[in-house]
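Student: Have a look at this one before I ask anything.
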Amino acid sequence: MPRFSTKRRVRHGAGDMFDLVADVERYPDFVPMCSAMHLRSRVDKGAGVTVIVAEMTVAYKLIRQTFTSRATLDRPNLRILVEYLDGPFRHMQNRWMFRPLGEKACEVEFFIDYEFRSRTLAMLVGSLFDVVFRRMASAFERRADAVYGGA
């Protein structure tokens with residue numbers, strides 16, 4: 001199963017970065033290949049934890065795939081866990097962790113583990129996904145600079 005992980009030190013607070021990643025409805029504005037995002041539900045579980053279910057459409061040239069996932073937004077622990085529900089994957093799970101490094105800096109850790117159902121789709125876009133995940137990290141950092149101001 002393909003996996004990708006990265007850790008980046010950014011010049012924004014951990015809470016700000018958590019909020020930016022948790023704002024999934026804005027992803028089509030800045031996340032590479034994300035052409036649409038539809039929030040199906042949002043449930044406040046209390047104690048700063050919210051669970052959302054969303055459909056994300058990813059498009060690249062003639063390939064267009066929509067998948068549904070559940071994200072647990074755990075603000076007190078500055079973690080986001082995303083679990084796959086439906087779509088072109090056999091398996092997908094990803095997580096975000098935000099570690100404060102002072103008031104205006106943090107380490108953002110992103111991990112994803114996935115496998116496509118279709119071997120054909122895996123061959124067509126599998127290698128592209130690694131490039132996209134690298135671009136995503138930069139896209140979130142640029143978005144943070146735009147929203148919170150360059151540090």
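Chain identifiers are assigned as A, B, and so on, following the order in which chains appear in the structure tokens; residues are numbered from 1 within each chain, and ligands are numbered from 1 in order of appearance.
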Among the residues of stretch 87-132 of chain A, find those DSSP assigns to strand (DSSP E) from the backbone and print them as a PyMOL selection string.

Tutor: chain A and resi 89-100+106-116

Student: A:Trp96, A:Ile80, A:Phe89, A:Leu121: which is nearest A:Ala137, counting only C-alpha atoms?

Tutor: A:Trp96

Student: Which residues, written as a list in words, have at least one atom at most 8 Å from stretch 23-32 of chain A, with only C-alpha atoms counted and residues fewer than 3 positions away on the same chain left out?

Tutor: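 These residues fall inside the cut-off: Asp19, Leu20, Ser35, Ala36, Met37, His38, Leu39, Val132, Arg135, Met136, Ala139, Phe140 and Arg143 of chain A.
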
Student: Using only N, CA and C atoms, please write the residues we just selected to a file, as a compact mmCIF listing (two decimals), in the first residue's frame.

Tutor:
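Writing done, so here's selection-v4.txt:
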```
# COMPACT_ATOMS: atom_id res chain seq x y z
N ASP A 19 -7.07 25.01 12.43
CA ASP A 19 -8.29 25.62 11.89
C ASP A 19 -8.28 25.65 10.37
N LEU A 20 -7.12 25.93 9.80
CA LEU A 20 -7.00 25.99 8.34
C LEU A 20 -7.27 24.63 7.71
N SER A 35 -11.43 19.58 -6.87
CA SER A 35 -12.34 20.39 -7.68
C SER A 35 -13.66 20.68 -6.97
N ALA A 36 -14.00 19.89 -5.95
CA ALA A 36 -15.24 20.13 -5.22
C ALA A 36 -15.18 19.48 -3.85
N MET A 37 -15.90 20.08 -2.91
CA MET A 37 -16.01 19.53 -1.55
C MET A 37 -17.44 19.78 -1.09
N HIS A 38 -18.10 18.72 -0.64
CA HIS A 38 -19.47 18.83 -0.16
C HIS A 38 -19.53 18.28 1.25
N LEU A 39 -19.88 19.12 2.20
CA LEU A 39 -20.01 18.71 3.59
C LEU A 39 -21.38 18.05 3.78
N VAL A 132 1.34 15.15 -5.76
CA VAL A 132 0.24 15.96 -5.25
C VAL A 132 0.37 16.15 -3.74
N ARG A 135 2.86 18.77 -3.07
CA ARG A 135 2.31 20.09 -3.40
C ARG A 135 1.27 20.54 -2.37
N MET A 136 0.54 19.58 -1.81
CA MET A 136 -0.46 19.91 -0.80
C MET A 136 0.19 20.58 0.41
N ALA A 139 0.84 24.00 -0.46
CA ALA A 139 -0.41 24.74 -0.65
C ALA A 139 -1.01 25.17 0.69
N PHE A 140 -0.96 24.31 1.70
CA PHE A 140 -1.48 24.68 3.01
C PHE A 140 -0.64 25.79 3.64
N ARG A 143 -1.53 28.98 1.88
CA ARG A 143 -2.86 29.39 2.32
C ARG A 143 -2.78 30.04 3.70
```

Student: Need to verify the contact set: A:Glu55, 8 Å, only C-alpha atoms, exclusion of same-chain residues closer than 2 positions in sequence. Can you return it as a PyMOL selection string?

Tutor: chain A and resi 37-40+53+57+66-69

Student: Taking the chain letters and numbering used in this document, name the residues of stretch 5-144 of chain A that DSSP puts in helix (DSSP H, G or I), as a ChimeraX atom specification.

Tutor: /A:14-22,24-30,119-144

Student: Kindly export the residues of the current selection with C-alpha atoms, as a PDB file, in the first residue's frame.

Tutor:
```pdb
ATOM      1  CA  ALA A  14      -0.632  25.237  15.828  1.00  0.00           C
ATOM      2  CA  GLY A  15      -4.217  26.362  16.493  1.00  0.00           C
ATOM      3  CA  ASP A  16      -4.263  28.463  13.339  1.00  0.00           C
ATOM      4  CA  MET A  17      -2.935  25.589  11.242  1.00  0.00           C
ATOM      5  CA  PHE A  18      -5.471  23.202  12.790  1.00  0.00           C
ATOM      6  CA  ASP A  19      -8.289  25.624  11.893  1.00  0.00           C
ATOM      7  CA  LEU A  20      -6.996  25.994   8.344  1.00  0.00           C
ATOM      8  CA  VAL A  21      -6.898  22.217   7.743  1.00  0.00           C
ATOM      9  CA  ALA A  22     -10.254  21.729   9.487  1.00  0.00           C
ATOM     10  CA  VAL A  24     -12.501  21.570   4.444  1.00  0.00           C
ATOM     11  CA  GLU A  25     -15.114  23.602   2.594  1.00  0.00           C
ATOM     12  CA  ARG A  26     -12.315  25.936   1.402  1.00  0.00           C
ATOM     13  CA  TYR A  27     -10.181  23.135  -0.090  1.00  0.00           C
ATOM     14  CA  PRO A  28     -11.348  23.727  -3.693  1.00  0.00           C
ATOM     15  CA  ASP A  29      -9.875  27.250  -3.374  1.00  0.00           C
ATOM     16  CA  PHE A  30      -6.302  26.051  -2.822  1.00  0.00           C
ATOM     17  CA  ARG A 119      -5.176  -1.486 -10.569  1.00  0.00           C
ATOM     18  CA  THR A 120      -5.749   0.553 -13.704  1.00  0.00           C
ATOM     19  CA  LEU A 121      -6.540   3.683 -11.698  1.00  0.00           C
ATOM     20  CA  ALA A 122      -3.561   2.991  -9.445  1.00  0.00           C
ATOM     21  CA  MET A 123      -1.287   2.818 -12.501  1.00  0.00           C
ATOM     22  CA  LEU A 124      -2.791   5.978 -14.020  1.00  0.00           C
ATOM     23  CA  VAL A 125      -2.643   8.240 -10.981  1.00  0.00           C
ATOM     24  CA  GLY A 126      -0.648   6.394  -8.343  1.00  0.00           C
ATOM     25  CA  SER A 127       2.686   8.068  -9.038  1.00  0.00           C
ATOM     26  CA  LEU A 128       0.938  11.403  -9.466  1.00  0.00           C
ATOM     27  CA  PHE A 129      -0.449  11.208  -5.922  1.00  0.00           C
ATOM     28  CA  ASP A 130       3.036  11.376  -4.397  1.00  0.00           C
ATOM     29  CA  VAL A 131       3.660  14.636  -6.277  1.00  0.00           C
ATOM     30  CA  VAL A 132       0.240  15.962  -5.247  1.00  0.00           C
ATOM     31  CA  PHE A 133       0.849  15.227  -1.555  1.00  0.00           C
ATOM     32  CA  ARG A 134       4.107  17.189  -1.713  1.00  0.00           C
ATOM     33  CA  ARG A 135       2.311  20.094  -3.399  1.00  0.00           C
ATOM     34  CA  MET A 136      -0.463  19.909  -0.795  1.00  0.00           C
ATOM     35  CA  ALA A 137       1.995  20.615   2.018  1.00  0.00           C
ATOM     36  CA  SER A 138       3.165  23.757   0.222  1.00  0.00           C
ATOM     37  CA  ALA A 139      -0.411  24.737  -0.647  1.00  0.00           C
ATOM     38  CA  PHE A 140      -1.483  24.677   3.013  1.00  0.00           C
ATOM     39  CA  GLU A 141       1.524  26.768   3.985  1.00  0.00           C
ATOM     40  CA  ARG A 142       0.791  29.332   1.245  1.00  0.00           C
ATOM     41  CA  ARG A 143      -2.862  29.385   2.316  1.00  0.00           C
ATOM     42  CA  ALA A 144      -1.812  30.045   5.936  1.00  0.00           C
TER      43      ALA A 144
END
```

Student: State, in Å with one decimal place, the distance from atom CA of A:Gly102 to atom CA of A:Ala146.

Tutor: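 Result for atom CA of A:Gly102 versus atom CA of A:Ala146: 20.3 Å, one decimal.
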
Student: Would you mind reading off the distance between atom CA of A:Tyr148 and atom CA of A:Glu103, one decimal, in Å?

Tutor: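 Going from atom CA of A:Tyr148 over to atom CA of A:Glu103 covers 13.2 Å.
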